[in-house]
$ cat structure16.txt   # compact mmCIF, C-alpha atoms
# COMPACT_ATOMS: atom_id res chain seq x y z
CA MET A 1470 -87.11 -87.48 -168.47
CA ARG A 1471 -88.80 -85.79 -165.53
CA LEU A 1472 -86.36 -82.85 -165.83
CA VAL A 1473 -87.28 -82.31 -169.48
CA VAL A 1474 -90.98 -82.27 -168.66
CA LEU A 1475 -90.50 -79.69 -165.89
CA MET A 1476 -88.51 -77.40 -168.16
CA LEU A 1477 -91.16 -77.58 -170.85
CA CYS A 1478 -93.89 -76.68 -168.33
CA SER A 1479 -91.84 -73.71 -167.05
CA TRP A 1480 -91.30 -72.38 -170.60
CA THR A 1481 -95.00 -72.77 -171.31
CA LEU A 1482 -96.02 -70.73 -168.22
CA LEU A 1483 -93.52 -68.01 -168.95
CA GLY A 1484 -94.81 -67.73 -172.45
CA CYS A 1485 -98.39 -67.31 -171.25
CA ASP A 1486 -97.70 -64.62 -168.62
CA SER A 1487 -95.26 -62.43 -170.52
CA ASN A 1488 -95.79 -60.45 -173.70
CA PRO A 1489 -93.32 -60.79 -176.52
CA PRO A 1490 -91.06 -57.80 -177.15
CA GLY A 1491 -92.65 -55.05 -179.18
CA SER A 1492 -96.19 -56.31 -178.64
CA LYS A 1493 -98.99 -54.00 -177.36
CA PRO A 1494 -100.56 -54.65 -174.00
CA ASP A 1495 -103.91 -56.29 -173.99
CA PRO A 1496 -106.49 -53.53 -173.29
CA GLY A 1497 -108.79 -56.04 -171.68
CA ARG A 1498 -106.32 -56.94 -168.94
CA ARG A 1499 -106.35 -55.12 -165.56
CA THR A 1500 -103.18 -54.23 -163.78
CA GLU A 1501 -103.17 -55.97 -160.48
CA ALA A 1502 -101.02 -55.36 -157.43
CA VAL A 1503 -99.95 -57.96 -155.00
CA THR A 1504 -100.18 -56.84 -151.39
CA ALA A 1505 -98.16 -58.55 -148.77
CA SER A 1506 -99.85 -59.76 -145.66
CA ALA A 1507 -98.70 -58.88 -142.17
CA THR A 1508 -96.85 -62.18 -141.95
CA GLY A 1509 -94.79 -61.46 -145.04
CA ALA A 1510 -96.62 -64.00 -147.19
CA PRO A 1511 -97.93 -62.96 -150.59
CA GLY A 1512 -101.39 -61.52 -150.26
CA VAL A 1513 -104.41 -61.43 -152.47
CA LYS A 1514 -104.20 -59.54 -155.68
CA GLN A 1515 -106.28 -56.37 -155.54
CA PRO A 1516 -107.01 -53.86 -158.25
CA MET A 1517 -105.05 -50.59 -157.85
CA ARG A 1518 -107.27 -47.60 -157.05
CA GLN A 1519 -106.44 -43.99 -157.53
CA ALA A 1520 -105.63 -42.24 -154.24
CA GLU A 1521 -108.67 -40.45 -152.88
CA ARG A 1522 -108.41 -36.70 -152.63
CA PRO A 1523 -109.02 -35.37 -149.14
CA GLU A 1524 -112.30 -33.60 -148.80
CA ARG A 1525 -112.00 -29.81 -148.69
CA ALA A 1526 -112.88 -28.38 -145.36
CA PRO A 1527 -115.83 -25.99 -145.55
CA THR A 1528 -114.90 -22.34 -145.37
CA PRO A 1529 -116.02 -20.90 -142.05
CA THR A 1530 -118.78 -18.39 -142.48
CA MET A 1531 -118.44 -14.94 -140.98
CA LEU A 1532 -120.87 -14.28 -138.19
CA ARG A 1533 -122.72 -11.04 -138.59
CA THR A 1534 -123.47 -9.50 -135.25
CA ALA A 1535 -126.28 -7.02 -135.13
CA LYS A 1536 -125.47 -3.56 -133.81
CA PRO A 1537 -126.69 -3.33 -130.21
CA PRO A 1538 -129.54 -0.91 -129.76
CA ALA A 1539 -128.87 2.32 -127.99
CA SER A 1540 -129.42 2.15 -124.29
CA ALA A 1541 -132.34 3.87 -122.69
CA THR A 1542 -129.95 6.15 -120.86
CA ALA A 1543 -128.23 7.25 -124.04
CA SER A 1544 -131.61 7.78 -125.83
CA ALA A 1545 -132.94 9.90 -122.93
CA ALA A 1546 -129.78 12.01 -122.85
CA ALA A 1547 -129.97 12.63 -126.61
CA SER A 1548 -133.66 13.59 -126.34
CA THR A 1549 -132.92 16.02 -123.49
CA THR A 1550 -130.08 17.61 -125.44
CA ALA A 1551 -132.23 18.01 -128.55
CA SER A 1552 -135.15 19.56 -126.63
CA ALA A 1553 -132.95 21.88 -124.56
CA GLY A 1554 -132.11 24.05 -127.55
CA ALA A 1555 -129.89 27.03 -126.82
CA ALA A 1556 -127.97 27.16 -123.56
CA ALA A 1557 -129.38 29.13 -120.63
CA PRO A 1558 -128.19 32.76 -120.45
CA GLU A 1559 -125.33 33.67 -118.16
CA GLY A 1560 -125.46 35.95 -115.15
CA ILE A 1561 -128.41 36.52 -112.81
CA LEU A 1562 -131.05 35.69 -115.42
CA GLY A 1563 -129.40 32.34 -116.12
CA ALA A 1564 -129.27 31.53 -112.40
CA LEU A 1565 -133.06 31.92 -112.15
CA ALA A 1566 -133.49 29.00 -114.55
CA LYS A 1567 -132.02 26.67 -111.88
CA ALA A 1568 -134.70 27.53 -109.34
CA ALA A 1569 -136.66 24.76 -107.63
CA ARG A 1570 -139.06 27.10 -105.86
CA VAL A 1571 -140.03 30.77 -105.93
CA LYS A 1572 -141.17 32.90 -103.01
CA VAL A 1573 -143.67 35.62 -103.91
CA THR A 1574 -144.10 38.80 -101.89
CA ARG A 1575 -146.69 41.48 -102.66
CA ILE A 1576 -146.72 44.80 -100.88
CA SER A 1577 -149.80 47.00 -101.21
CA LYS A 1578 -149.77 50.81 -101.25
CA SER A 1579 -150.80 50.78 -97.62
CA GLY A 1580 -147.73 48.67 -96.76
CA GLU A 1581 -149.60 45.38 -96.24
CA SER A 1582 -147.51 42.35 -97.16
CA LYS A 1583 -148.77 39.03 -98.46
CA LYS A 1584 -146.67 36.02 -99.33
CA GLY A 1585 -146.98 33.01 -101.57
CA LEU A 1586 -144.86 30.03 -102.62
CA ILE A 1587 -144.38 28.36 -106.00
CA GLN A 1588 -142.66 24.99 -105.76
CA ASP A 1589 -144.40 23.08 -108.52
CA GLY A 1590 -142.17 22.65 -111.56
CA THR A 1591 -145.15 22.92 -113.89
CA VAL A 1592 -145.73 26.44 -112.54
CA VAL A 1593 -142.09 27.51 -112.39
CA LYS A 1594 -141.67 26.90 -116.13
CA PRO A 1595 -144.46 29.26 -117.30
CA LEU A 1596 -143.20 31.77 -114.75
CA LEU A 1597 -139.77 31.80 -116.41
CA GLU A 1598 -141.40 32.00 -119.84
CA ALA A 1599 -143.40 35.05 -118.75
CA ILE A 1600 -140.14 36.70 -117.63
CA GLY A 1601 -138.24 35.78 -120.79
CA LEU A 1602 -134.85 34.09 -120.41
CA LYS A 1603 -133.66 34.73 -123.98
CA GLN A 1604 -133.12 38.45 -123.51
CA THR A 1605 -129.94 40.22 -122.46
CA PRO A 1606 -130.30 42.30 -119.27
CA THR A 1607 -129.03 45.86 -119.12
CA ASP A 1608 -126.60 46.77 -116.35
CA GLY A 1609 -127.91 49.33 -113.91
CA CYS A 1610 -131.42 50.01 -112.64
CA GLU A 1611 -133.64 53.06 -112.37
CA ARG A 1612 -135.26 53.86 -109.08
CA CYS A 1613 -137.97 51.24 -108.53
CA MET A 1614 -140.04 50.19 -105.56
CA PRO A 1615 -141.55 46.85 -106.73
CA SER A 1616 -145.04 45.92 -105.64
CA VAL A 1617 -144.40 42.22 -106.39
CA THR A 1618 -141.05 40.53 -105.75
CA PHE A 1619 -140.07 37.00 -106.81
CA THR A 1620 -137.23 35.39 -104.85
CA PHE A 1621 -135.72 32.35 -106.58
CA GLU A 1622 -134.17 29.52 -104.54
CA ASP A 1623 -132.63 26.14 -105.35
CA GLY A 1624 -133.65 22.84 -103.75
CA TYR A 1625 -131.51 23.57 -100.67
CA GLY A 1626 -133.05 26.99 -100.04
CA THR A 1627 -130.04 28.91 -101.37
CA ARG A 1628 -131.02 32.25 -102.86
CA LEU A 1629 -130.23 32.51 -106.56
CA GLY A 1630 -131.54 36.01 -107.23
CA SER A 1631 -134.66 38.17 -107.07
CA LEU A 1632 -136.91 39.89 -109.56
CA GLY A 1633 -138.77 43.13 -108.74
CA THR A 1634 -141.85 43.84 -110.85
CA PHE A 1635 -144.62 46.43 -111.18
CA CYS A 1636 -142.72 49.41 -109.86
CA THR A 1637 -144.84 51.95 -107.99
CA GLU A 1638 -142.86 54.97 -109.22
CA GLY A 1639 -144.61 56.91 -111.92
CA GLY A 1640 -143.30 56.94 -115.45
CA LEU A 1641 -142.15 53.28 -115.52
CA LYS A 1642 -144.03 50.75 -117.62
CA ASP A 1643 -145.33 47.45 -116.24
CA THR A 1644 -142.91 45.66 -118.53
CA VAL A 1645 -139.86 47.09 -116.73
CA ALA A 1646 -138.42 44.79 -114.06
CA THR A 1647 -135.24 44.72 -111.99
CA LEU A 1648 -132.87 41.82 -111.35
CA HIS A 1649 -130.73 41.49 -108.22
CA ASP A 1650 -127.96 39.00 -107.51
CA PRO A 1651 -128.06 36.91 -104.29
CA LEU A 1652 -126.18 39.59 -102.33
CA GLY A 1653 -128.16 42.47 -103.82
CA ASN A 1654 -124.99 44.28 -104.87
CA LYS A 1655 -125.70 44.11 -108.60
CA CYS A 1656 -128.83 45.36 -110.33
CA GLN A 1657 -129.91 44.79 -113.93
CA THR A 1658 -132.95 45.83 -115.93
CA ILE A 1659 -135.03 43.53 -118.13
CA THR A 1660 -138.29 43.77 -120.03
CA LEU A 1661 -141.03 41.30 -119.08
CA ILE A 1662 -142.38 39.27 -122.01
CA THR A 1663 -145.92 38.80 -120.67
CA PRO A 1664 -146.42 40.85 -117.47
CA LYS A 1665 -150.12 39.96 -117.20
CA ALA A 1666 -149.33 36.23 -117.06
CA LEU A 1667 -146.67 36.94 -114.41
CA GLU A 1668 -149.15 38.89 -112.30
CA THR A 1669 -151.72 36.09 -112.57
CA LEU A 1670 -149.19 33.50 -111.36
CA ALA A 1671 -148.24 35.71 -108.42
CA GLU A 1672 -151.87 36.20 -107.37
CA ARG A 1673 -152.55 32.46 -107.62
CA ALA A 1674 -149.54 31.60 -105.47
CA ILE A 1675 -150.59 34.08 -102.78
CA ALA A 1676 -154.17 32.79 -102.81
CA ASP A 1677 -153.09 29.14 -102.56
CA THR A 1678 -150.78 29.91 -99.64
CA ALA A 1679 -153.53 31.83 -97.82
CA ALA A 1680 -155.95 28.93 -98.31
CA GLN A 1681 -153.64 26.48 -96.57
CA PRO A 1682 -154.28 25.93 -92.84
CA SER A 1683 -151.80 27.70 -90.60
CA ARG A 1684 -149.48 25.51 -88.56
$ encode --input "structure16.txt" --output "structure tokens"
Amino acid sequence: MRLVVLMLCSWTLLGCDSNPPGSKPDPGRRTEAVTASATGAPGVKQPMRQAERPERAPTPTMLRTAKPPASATASAAASTTASAGAAAPEGILGALAKAARVKVTRISKSGESKKGLIQDGTVVKPLLEAIGLKQTPTDGCERCMPSVTFTFEDGYGTRLGSLGTFCTEGGLKDTVATLHDPLGNKCQTITLITPKALETLAERAIADTAAQPSR
């Protein structure tokens, strides 16, 4: 009798949990999964969840580096190059542009000699402008005994060349001047741009030197 009762209970349970063939699943029921515990015993039924998608890593942004400003040295060099303009002429006239100081000698008709010195860069520049460095000298010189001579030297006292102006021989204009190389073996002729300004600079240099106390 007890066996019959147990069989009836088992058939009843099976009938409740299973769907008859061909029947549609109940939409109200949730599919549940049984998870086993670590000990192997049946675990608690938990609803199945859809696997989570891994979060997408953010795309690294490109770092924009600003262009470094030009150095002061590079800016100064560019400014000097721009202001220099055309290159200095070659030959004796070009060598005069490298002068750091200029010795001035004036010889009067009576043979008296007076000397002056120009070593201020602010004076050397207008002196070169009065001579005119953009011209092309002519090889060879006419006979000329200059009354004023400018001797150009570098910072070490090395002679770069000399310029003879205001020739005492008749027939030569005040604009005619002679150029000599350091050894005096080569002579060239040039035309002074502003001879009056050159004469004024020479007179000022001689006066300033005479005003200095003798040592």
$ atom_distance --input "structure16.txt" --atom1 "CA of Thr1618 in chain A" --atom2 "CA of Gly1633 in chain A"
4.6 Å
$ closest_residue --input "structure16.txt" --among "A:Pro1595, A:Leu1632, A:Gly1609, A:Ile1587" --to "Leu1562 in chain A" --atoms "all atoms listed in the file"
A:Leu1632
$ closest_residue --input "structure16.txt" --among "A:Asp1677, A:Asp1650, A:Glu1622, A:Glu1638" --to "Ala1568 in chain A" --atoms "all atoms listed in the file"
A:Glu1622
$ closest_residue --input "structure16.txt" --among "A:Gly1639, A:Gly1580, A:Gly1560, A:Gly1601" --to "Leu1667 in chain A" --atoms "all atoms listed in the file"
A:Gly1601
$ residues_around --input "structure16.txt" --residues "Leu1596 in chain A" --least-positions-apart "5" --cutoff "12 Å" --atoms "all atoms listed in the file" --output "JSON, numbers by chain"
{"A": [1565, 1566, 1568, 1569, 1570, 1571, 1572, 1573, 1587, 1588, 1589, 1590, 1591, 1601, 1602, 1619, 1621, 1632, 1661, 1662, 1663, 1664, 1665, 1666, 1667, 1668, 1669, 1670, 1671, 1673, 1674]}
$ closest_residue --input "structure16.txt" --among "A:Lys1594, A:Arg1612, A:Gly1626, A:Val1617" --to "Glu1581 in chain A" --atoms "all atoms listed in the file"
A:Val1617
$ closest_atom_pairs --input "structure16.txt" --of "range 1571-1614 of chain A" --to "range 1643-1649 of chain A" --cutoff "12 Å" --atoms "all atoms listed in the file" --output "tab-separated table"
residue	atom	partner	partner_atom	distance
A:Ala1599	CA	A:Thr1644	CA	10.6
A:Ile1600	CA	A:Ala1646	CA	9.0
A:Gly1601	CA	A:Thr1644	CA	11.2
A:Thr1605	CA	A:Leu1648	CA	11.6
A:Pro1606	CA	A:Leu1648	CA	8.3
A:Thr1607	CA	A:Thr1647	CA	9.5
A:Asp1608	CA	A:Leu1648	CA	9.4
A:Gly1609	CA	A:Thr1647	CA	8.9
A:Cys1610	CA	A:Thr1647	CA	6.6
A:Glu1611	CA	A:Thr1647	CA	8.5
A:Arg1612	CA	A:Thr1647	CA	9.6
A:Cys1613	CA	A:Thr1647	CA	7.9
A:Met1614	CA	A:Thr1647	CA	9.7
$ atom_distance --input "structure16.txt" --atom1 "CA of Pro1651 in chain A" --atom2 "CA of Glu1559 in chain A"
14.5 Å
$ atom_distance --input "structure16.txt" --atom1 "CA of Arg1628 in chain A" --atom2 "CA of Leu1652 in chain A"
8.8 Å
$ closest_residue --input "structure16.txt" --among "A:Gly1585, A:Arg1575, A:Val1593, A:Asn1654" --to "Ala1679 in chain A" --atoms "all atoms listed in the file"
A:Gly1585
$ closest_residue --input "structure16.txt" --among "A:Ala1564, A:Leu1586, A:Leu1629, A:Ile1675" --to "Gly1653 in chain A" --atoms "all atoms listed in the file"
A:Leu1629
